[in-house]
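Chemist: input.cif (mmCIF, C-alpha atoms) pasted underneath:
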data_structure
loop_
_atom_site.label_atom_id
_atom_site.label_comp_id
_atom_site.auth_asym_id
_atom_site.auth_seq_id
_atom_site.Cartn_x
_atom_site.Cartn_y
_atom_site.Cartn_z
CA MET T 12 -186.97 13.14 -160.15
CA ALA T 13 -187.26 14.19 -156.50
CA MET T 14 -188.26 17.83 -156.06
CA GLU T 15 -185.39 19.89 -154.71
CA VAL T 16 -185.82 22.43 -151.92
CA LEU T 17 -184.93 25.57 -153.82
CA HIS T 18 -183.11 27.76 -151.33
CA CYS T 19 -180.86 30.75 -152.04
CA PRO T 20 -179.18 29.41 -155.21
CA ASP T 21 -176.11 31.13 -156.65
CA ASN T 22 -178.14 32.35 -159.63
CA ILE T 23 -181.86 33.06 -160.10
CA LYS T 24 -183.88 30.12 -161.47
CA ILE T 25 -186.32 31.08 -164.22
CA HIS T 26 -189.53 29.02 -164.04
CA TYR T 27 -191.20 28.52 -167.41
CA ALA T 28 -194.84 29.40 -166.74
CA GLY T 29 -197.88 27.97 -168.50
CA ALA T 30 -196.77 24.40 -167.82
CA GLU T 31 -200.43 23.35 -167.49
CA VAL T 32 -200.58 23.74 -171.30
CA GLN T 33 -199.04 20.37 -171.90
CA ASN T 34 -198.14 20.63 -175.58
CA GLN T 35 -195.93 23.58 -174.56
CA PHE T 36 -194.65 21.77 -171.49
CA VAL T 37 -193.47 18.81 -173.58
CA ALA T 38 -191.11 21.20 -175.36
CA VAL T 39 -189.95 22.74 -172.09
CA ARG T 40 -189.21 19.31 -170.65
CA GLU T 41 -187.59 17.80 -173.73
CA LEU T 42 -185.30 20.77 -174.23
CA GLY T 43 -183.79 20.42 -170.77
CA VAL T 44 -185.53 23.10 -168.71
CA ASN T 45 -185.59 22.16 -165.00
CA TYR T 46 -187.92 24.78 -163.52
CA ALA T 47 -191.61 25.31 -164.29
CA LEU T 48 -194.82 26.93 -163.04
CA TYR T 49 -198.36 25.71 -163.63
CA THR T 50 -201.62 27.27 -162.51
CA ALA T 51 -204.27 25.40 -160.54
CA PHE T 52 -206.91 27.65 -162.12
CA PRO T 53 -208.58 25.32 -164.68
CA PHE T 54 -208.83 22.50 -162.14
CA VAL T 55 -210.12 24.56 -159.20
CA GLU T 56 -212.46 26.46 -161.54
CA ARG T 57 -214.17 23.17 -162.42
CA MET T 58 -214.44 22.24 -158.74
CA LEU T 59 -216.30 25.51 -158.08
CA PHE T 60 -218.22 26.26 -161.27
CA GLY T 61 -218.67 22.85 -162.90
CA SER T 62 -220.07 23.18 -166.42
CA LYS T 63 -219.77 27.00 -166.22
CA ALA T 64 -215.97 26.74 -166.20
CA LYS T 65 -214.48 28.76 -169.06
CA SER T 66 -210.81 27.78 -169.21
CA PRO T 67 -209.74 24.85 -171.39
CA ILE T 68 -207.65 22.03 -169.96
CA MET T 69 -204.76 21.43 -172.34
CA ALA T 70 -203.84 17.80 -171.72
CA LEU T 71 -202.00 15.28 -173.85
CA LYS T 72 -203.93 12.54 -175.63
CA THR T 73 -202.15 9.96 -173.46
CA MET T 74 -203.58 11.45 -170.23
CA SER T 75 -206.62 9.71 -168.78
CA ASP T 76 -207.26 12.13 -165.86
CA PRO T 77 -205.76 15.57 -166.52
CA LYS T 78 -206.32 16.94 -163.00
CA ILE T 79 -204.01 14.19 -161.74
CA ASP T 80 -201.74 13.75 -164.75
CA ILE T 81 -200.90 17.40 -165.52
CA PRO T 82 -199.64 18.40 -162.03
CA ARG T 83 -197.83 15.05 -161.77
CA ALA T 84 -196.10 15.60 -165.13
CA CYS T 85 -194.89 18.98 -163.90
CA THR T 86 -193.78 18.01 -160.41
CA SER T 87 -192.21 14.67 -161.31
CA THR T 88 -189.96 15.89 -164.13
CA MET T 89 -188.80 19.30 -162.89
CA LYS T 90 -186.13 20.02 -160.27
CA HIS T 91 -188.53 22.58 -158.78
CA CYS T 92 -192.12 23.41 -159.66
CA ILE T 93 -194.39 26.24 -158.51
CA GLN T 94 -198.18 25.96 -158.39
CA ASP T 95 -199.94 29.28 -158.89
CA SER T 96 -203.24 29.67 -157.05
CA GLY T 97 -205.11 30.99 -160.09
CA LEU T 98 -206.59 33.70 -157.89
CA PHE T 99 -205.79 36.63 -160.16
CA THR T 100 -207.51 34.88 -163.07
CA LEU T 101 -210.52 34.41 -160.80
CA MET T 102 -210.51 38.03 -159.69
CA PHE T 103 -209.55 39.78 -162.94
CA GLY T 104 -209.69 37.19 -165.74
CA SER T 105 -212.28 34.85 -167.19
CA GLN T 106 -214.29 34.60 -163.95
CA SER T 107 -213.85 38.26 -162.97
CA GLY T 108 -217.47 38.66 -161.88
CA ASN T 109 -216.88 36.08 -159.15
CA HIS T 110 -214.71 37.65 -156.48
CA ASP T 111 -216.94 38.24 -153.47
CA GLU T 112 -215.75 36.95 -150.11
CA ASP T 113 -217.86 33.79 -150.24
CA THR T 114 -216.44 32.79 -153.64
CA ILE T 115 -212.85 33.41 -152.57
CA ASN T 116 -213.44 31.43 -149.35
CA ARG T 117 -214.69 28.54 -151.48
CA TRP T 118 -211.73 28.99 -153.87
CA TYR T 119 -209.35 28.69 -150.91
CA ASP T 120 -211.03 25.47 -149.73
CA ALA T 121 -211.04 23.93 -153.22
CA LEU T 122 -207.43 24.99 -153.86
CA CYS T 123 -206.29 23.29 -150.65
CA GLU T 124 -208.28 20.16 -151.50
CA PHE T 125 -206.79 20.07 -155.01
CA THR T 126 -203.26 20.62 -153.69
CA LEU T 127 -203.53 17.92 -151.05
CA ASN T 128 -204.75 15.48 -153.70
CA HIS T 129 -202.61 16.45 -156.68
CA GLY T 130 -199.96 19.09 -155.89
CA SER T 131 -197.38 16.79 -154.36
CA GLY T 132 -194.05 18.52 -154.03
CA ALA T 133 -195.04 21.81 -155.66
CA THR T 134 -194.24 25.10 -153.96
CA CYS T 135 -197.60 26.88 -153.71
CA VAL T 136 -198.44 30.54 -154.24
CA GLU T 137 -200.83 31.73 -151.52
CA VAL T 138 -204.34 33.18 -151.89
CA ASP T 139 -203.20 36.80 -152.10
CA CYS T 140 -206.59 38.54 -152.13
CA GLN T 141 -205.41 41.94 -150.84
CA LYS T 142 -206.74 43.86 -153.84
CA VAL T 143 -210.31 42.60 -153.43
CA LEU T 144 -210.84 41.61 -149.78
CA GLY T 145 -208.13 43.66 -148.08
CA VAL T 146 -204.94 42.97 -146.21
CA GLN T 147 -206.46 41.41 -143.08
CA LYS T 148 -208.36 38.75 -145.03
CA ALA T 149 -205.16 37.90 -146.90
CA TRP T 150 -203.47 37.36 -143.52
CA GLU T 151 -206.27 35.01 -142.45
CA PHE T 152 -205.70 32.88 -145.56
CA ARG T 153 -201.92 33.11 -145.11
CA GLU T 154 -202.02 31.74 -141.58
CA ARG T 155 -204.59 29.08 -142.47
CA MET T 156 -202.60 27.85 -145.48
CA ARG T 157 -199.53 27.31 -143.33
CA ARG T 158 -201.64 24.99 -141.15
CA ASP T 159 -203.64 23.37 -143.96
CA LEU T 160 -200.90 22.42 -146.46
CA PRO T 161 -197.62 20.52 -146.07
CA ASN T 162 -196.24 22.24 -149.19
CA ARG T 163 -193.81 25.13 -149.07
CA ILE T 164 -195.69 28.39 -149.62
CA ILE T 165 -194.80 31.62 -151.44
CA ASN T 166 -196.37 34.66 -149.76
CA VAL T 167 -196.98 37.63 -152.08
CA PHE T 168 -196.31 41.30 -151.35
CA HIS T 169 -198.69 43.81 -152.94
CA LEU T 170 -198.71 47.60 -152.74
CA GLU T 171 -201.77 47.43 -150.46
CA ASP T 172 -199.62 45.79 -147.78
CA GLY T 173 -197.45 48.86 -147.30
CA LYS T 174 -194.14 48.88 -145.45
CA LYS T 175 -195.60 47.63 -142.15
CA GLY T 176 -197.28 44.75 -143.93
CA LEU T 177 -194.08 43.90 -145.76
CA ASP T 178 -192.12 43.88 -142.50
CA ARG T 179 -194.70 41.57 -140.95
CA MET T 180 -194.53 39.29 -143.98
CA ILE T 181 -190.71 39.15 -143.87
CA GLU T 182 -190.91 38.03 -140.27
CA PHE T 183 -193.58 35.41 -141.06
CA SER T 184 -192.35 33.97 -144.34
CA ASP T 185 -189.37 32.09 -145.76
CA TYR T 186 -190.34 32.71 -149.41
CA ILE T 187 -191.78 36.05 -150.62
CA ALA T 188 -192.90 37.05 -154.09
CA VAL T 189 -192.86 40.58 -155.48
CA SER T 190 -195.45 41.23 -158.21
CA VAL T 191 -193.44 42.83 -161.01
CA PRO T 192 -196.43 43.46 -163.37
CA GLU T 193 -198.25 45.26 -160.55
CA LEU T 194 -195.29 47.57 -159.91
CA ARG T 195 -194.89 48.19 -163.63
CA HIS T 196 -198.62 48.99 -163.98
CA ALA T 197 -198.35 51.44 -161.06
CA GLY T 198 -195.38 53.16 -162.73
CA LYS T 199 -193.04 51.84 -160.02
CA LYS T 200 -190.99 49.32 -161.98
CA ASP T 201 -187.80 50.56 -160.33
CA TYR T 202 -189.30 49.52 -156.98
CA THR T 203 -188.72 45.86 -157.87
CA TYR T 204 -185.01 45.98 -157.07
CA LYS T 205 -185.60 48.29 -154.07
CA VAL T 206 -188.27 46.06 -152.52
CA ALA T 207 -186.34 42.85 -153.20
CA SER T 208 -183.15 44.35 -151.73
CA TYR T 209 -185.04 45.58 -148.68
CA ILE T 210 -186.47 42.09 -148.08
CA LYS T 211 -183.07 40.42 -148.45
CA ASN T 212 -181.31 42.93 -146.20
CA ARG T 213 -183.92 42.45 -143.49
CA LYS T 214 -183.70 38.64 -143.69
CA PRO T 215 -180.67 37.31 -145.62
CA GLU T 216 -181.80 33.68 -145.47
CA ILE T 217 -185.16 34.39 -147.15
CA ASP T 218 -186.03 33.30 -150.70
CA ILE T 219 -187.47 35.88 -153.11
CA HIS T 220 -189.58 35.20 -156.22
CA LEU T 221 -190.16 37.80 -158.96
CA LEU T 222 -193.68 37.16 -160.20
CA GLY T 223 -194.09 37.57 -163.94
CA CYS T 224 -190.62 38.98 -164.46
CA THR T 225 -189.52 38.76 -168.08
CA GLU T 226 -187.25 41.78 -168.31
CA MET T 227 -183.60 40.84 -168.71
CA SER T 228 -182.24 44.02 -167.10
CA LEU T 229 -184.32 43.40 -163.94
CA LEU T 230 -183.35 39.74 -163.85
CA LYS T 231 -179.67 40.66 -164.11
CA GLN T 232 -180.04 43.23 -161.31
CA CYS T 233 -181.60 40.66 -159.00
CA ALA T 234 -179.87 37.48 -160.20
CA SER T 235 -177.34 37.20 -157.38
CA PHE T 236 -179.78 37.42 -154.46
CA CYS T 237 -183.26 36.43 -155.70
CA THR T 238 -184.18 32.75 -155.82
CA SER T 239 -186.66 32.49 -158.68
CA SER T 240 -188.89 34.18 -161.22
CA ASP T 241 -191.48 33.03 -163.72
CA SER T 242 -192.06 34.01 -167.31
CA THR T 243 -194.25 33.18 -170.31
CA THR T 244 -192.04 35.17 -172.70
CA TYR T 245 -190.93 31.93 -174.36
CA VAL T 246 -194.43 31.45 -175.88
CA SER T 247 -195.18 35.08 -176.78
CA GLY T 248 -194.10 34.42 -180.38
CA LYS T 249 -197.06 32.08 -180.83
CA ARG T 250 -199.33 35.06 -180.18
CA TYR T 251 -197.36 37.73 -182.05
CA GLY T 252 -195.71 35.63 -184.74
CA PHE T 253 -192.09 36.62 -184.18
CA VAL T 254 -188.86 35.35 -182.64
CA GLY T 255 -186.80 38.49 -182.25
CA LYS T 256 -187.38 40.37 -185.52
CA HIS T 257 -188.02 37.24 -187.57
CA HIS T 258 -191.44 35.82 -188.41
CA ILE T 259 -191.91 32.27 -187.17
CA ARG T 260 -193.17 31.06 -190.57
CA ASN T 261 -189.64 31.61 -191.92
CA ILE T 262 -187.97 29.20 -189.50
CA ARG T 263 -186.38 26.34 -191.44
CA THR T 264 -187.42 22.93 -190.16
CA GLU T 265 -184.25 21.16 -191.29
CA ASP T 266 -182.10 23.63 -189.34
CA VAL T 267 -184.20 23.24 -186.18
CA ARG T 268 -183.87 19.46 -186.49
CA LYS T 269 -180.09 19.85 -186.67
CA LEU T 270 -180.18 22.13 -183.63
CA VAL T 271 -182.19 19.88 -181.27
CA GLY T 272 -181.90 16.42 -182.88
CA ASP T 273 -184.57 14.33 -184.59
CA GLU T 274 -185.65 12.46 -181.45
CA ILE T 275 -186.47 15.61 -179.47
CA TYR T 276 -187.98 17.32 -182.50
CA ASP T 277 -190.30 14.39 -183.26
CA CYS T 278 -191.38 14.13 -179.61
CA ILE T 279 -192.41 17.81 -179.53
CA ASN T 280 -193.95 17.64 -183.00
CA GLN T 281 -196.35 14.89 -181.88
CA TYR T 282 -198.26 17.54 -179.93
CA ASN T 283 -197.68 20.69 -182.01
CA ASN T 284 -197.88 21.63 -185.67
CA GLU T 285 -194.62 22.09 -187.55
CA GLN T 286 -194.54 25.88 -187.24
CA ASN T 287 -195.16 25.82 -183.48
CA THR T 288 -192.64 23.03 -182.99
CA ASN T 289 -190.02 25.07 -184.81
CA PHE T 290 -190.92 28.16 -182.82
CA LEU T 291 -190.87 26.44 -179.43
CA CYS T 292 -187.52 24.81 -180.10
CA LEU T 293 -185.92 28.10 -181.09
CA SER T 294 -187.61 30.20 -178.43
CA ILE T 295 -186.87 27.91 -175.49
#
The structure in this file should be written as structure tokens.

Modeler:
Amino acid sequence: MAMEVLHCPDNIKIHYAGAEVQNQFVAVRELGVNYALYTAFPFVERMLFGSKAKSPIMALKTMSDPKIDIPRACTSTMKHCIQDSGLFTLMFGSQSGNHDEDTINRWYDALCEFTLNHGSGATCVEVDCQKVLGVQKAWEFRERMRRDLPNRIINVFHLEDGKKGLDRMIEFSDYIAVSVPELRHAGKKDYTYKVASYIKNRKPEIDIHLLGCTEMSLLKQCASFCTSSDSTTYVSGKRYGFVGKHHIRNIRTEDVRKLVGDEIYDCINQYNNEQNTNFLCLSI
């Protein structure tokens, strides 16, 4: 499938995140989802830290080289695919001690190398390091990435940028992301619609992505003028054990098989246990 240029669709396109976890992605793909997001983190982490890498690579048993096969599986089967930079996991996740300027410079170089080799067709989230290295350093990476990669790039607005920074970004970019979890954490969830509307009014032809937006009311508010969002809500039941108010152990296999068909069910079940297969089919 050739990757489409996702530009100002009539309705927001929800990208199923976590596509690098391939046993989940099989379910996403088989059940007819057309939009996905994977993170470059586990691959770039190994390029930088070698044996000290902490994140698992969740490949399928049929894959001989996951760093090639996983991005290819995502980009070749989806109508549109986003590659996250993995930067926030570097700065605040499993490698959170490693976010000095030298490390992030090396992350940028490795990310570009990985993308040039393996990220064919993916739309790439930039190295948005505002929170750690400041706004000016983020602009250096932003301008470099436009020169260094042929891929379309999503530039990310953070509160540190302020209104002047946002205006500059609107002028520079054709695809801007608003970090919904950041606004929620800062107690400014209602800013999501305000910021997205401001961006669209300033530049009607721009595309807007809602990063980590899982809230239906927000998605409905922004559906008519935002291009995309990403969400891992569809797998939250694996962690918490529920679909809606029902425990996933009570899902009836025979009914799920009737719902999706034996062929799709068996394909997903090759890579998941019965309970997770049932859950994924219902949740997606």

Chemist: Can you list, as a ChimeraX atom specification, every protein, DNA or RNA residue that comes within 8 Å of region 44-54 of chain T when you count all atoms listed in the file, leaving out same-chain residues fewer than 2 positions away?

Modeler: /T:24-31,39-42,56-58,64,66-68,78,82,85,88-98,100-101,122,125,241

Chemist: Mind telling me what the PyMOL selection byres ((chain T and resi 237) around 8) catches here, as a VMD selection string?

Modeler: chain T and resid 19 22 to 23 207 218 to 221 233 to 236 238 to 239

Chemist: Just say which residues the PyMOL selection byres ((chain T and resi 265-270) around 12) picks in this file, as a PyMOL selection string.

Modeler: chain T and resi 42+259+261-264+271-280+285-295

Chemist: Calculate how many Å separate CA of Ser131 (chain T) from CA of Arg157 (chain T), rounding to one decimal.

Modeler: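 Answer for the CA of Ser131 (chain T) to CA of Arg157 (chain T) separation: 15.4 Å.
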
Chemist: Measuring between all atoms listed in the file, which one of T:Asp21, T:Lys72, T:Arg153, T:Lys142 shows the shortest distance to Met102 (chain T)?

Modeler: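 Of all the options, T:Lys142 lies closest to Met102 (chain T).
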
Chemist: Please write the residues picked by the PyMOL selection byres ((chain T and resi 170) around 12) on this file as a list in words.

Modeler: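 On this input, the PyMOL selection byres ((chain T and resi 170) around 12) captures Asp139, Gln141, Lys142, Gly145, Val146, Val167, Phe168, His169, Glu171, Asp172, Gly173, Lys174, Lys175, Gly176, Leu177, Val189, Ser190, Val191, Pro192, Glu193, Leu194, Arg195, His196, Ala197, Gly198, Lys199, Tyr202, Thr203 and Val206 of chain T.
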
Chemist: Can you list, as a list of chain:residue names, every protein, DNA or RNA residue that comes within 12 Å of Thr73 (chain T) when you count only C-alpha atoms, leaving out same-chain residues fewer than 6 positions away?

Modeler: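 My list of contacting residues is T:Gln33, T:Asn34, T:Asp80, T:Ile81, T:Ala84, T:Gln281, T:Tyr282.
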
Chemist: Take the residues just selected and output them with C-alpha atoms as a PDB file, in the frame of the given file.

Modeler:
ATOM      1  CA  GLN T  33    -199.040  20.370-171.900  1.00  0.00           C
ATOM      2  CA  ASN T  34    -198.140  20.630-175.580  1.00  0.00           C
ATOM      3  CA  ASP T  80    -201.740  13.750-164.750  1.00  0.00           C
ATOM      4  CA  ILE T  81    -200.900  17.400-165.520  1.00  0.00           C
ATOM      5  CA  ALA T  84    -196.100  15.600-165.130  1.00  0.00           C
ATOM      6  CA  GLN T 281    -196.350  14.890-181.880  1.00  0.00           C
ATOM      7  CA  TYR T 282    -198.260  17.540-179.930  1.00  0.00           C
TER       8      TYR T 282
END

Chemist: Provide the CA of Leu17 (chain T) to CA of Val55 (chain T) distance in Å, to one decimal place.

Modeler: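 So the answer is 25.8 Å.
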
Chemist: Return the single residue from T:Lys256, T:Asp120, T:Arg83, T:Gly223 that is closest to Ser242 (chain T), with distances computed using all atoms listed in the file.

Modeler: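 Of all the options, T:Gly223 lies closest to Ser242 (chain T).
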
Chemist: If I take CA of Ala188 (chain T) and CA of Tyr251 (chain T), how far is one from the other in Å, to one decimal?

Modeler: 28.3 Å

Chemist: Closest to Ile165 (chain T) among T:Lys211, T:Cys123, T:Trp118, T:Ile217, using only C-alpha atoms?

Modeler: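 Ranked by minimum distance to Ile165 (chain T), first place goes to T:Ile217.
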
Chemist: Go through T:Phe60, T:Leu71, T:Glu112, T:Lys205 one by one, measure the shortest atom-to-atom distance of each to Val37 (chain T) using all atoms listed in the file, and give the residue with the smallest value.

Modeler: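 Of T:Phe60, T:Leu71, T:Glu112, T:Lys205, the one nearest Val37 (chain T) is T:Leu71, counting all atoms listed in the file.
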
Chemist: Using all atoms of region 121-134 of chain T listed in the file and a margin of 3 Å per side, can you give the axis-aligned box centre and edge lengths in Å to one decimal, as lines of an AutoDock Vina configuration file?

Modeler:
center_x = -202.5
center_y = 20.3
center_z = -153.7
size_x = 23.0
size_y = 15.6
size_z = 12.0

Chemist: For each of T:Leu222, T:Ala70, T:Leu230, T:Val246, take the minimum atom-to-atom distance to Val136 (chain T), counting all atoms listed in the file, then give the residue where this is smallest.

Modeler: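 Among T:Leu222, T:Ala70, T:Leu230, T:Val246, it is T:Leu222 that comes nearest to Val136 (chain T).
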
Chemist: Restricting the calculation to only C-alpha atoms: of T:Ile187, T:Val138, T:Val16, T:Ala38, which residue gets closest to Ile115 (chain T)?

Modeler: T:Val138
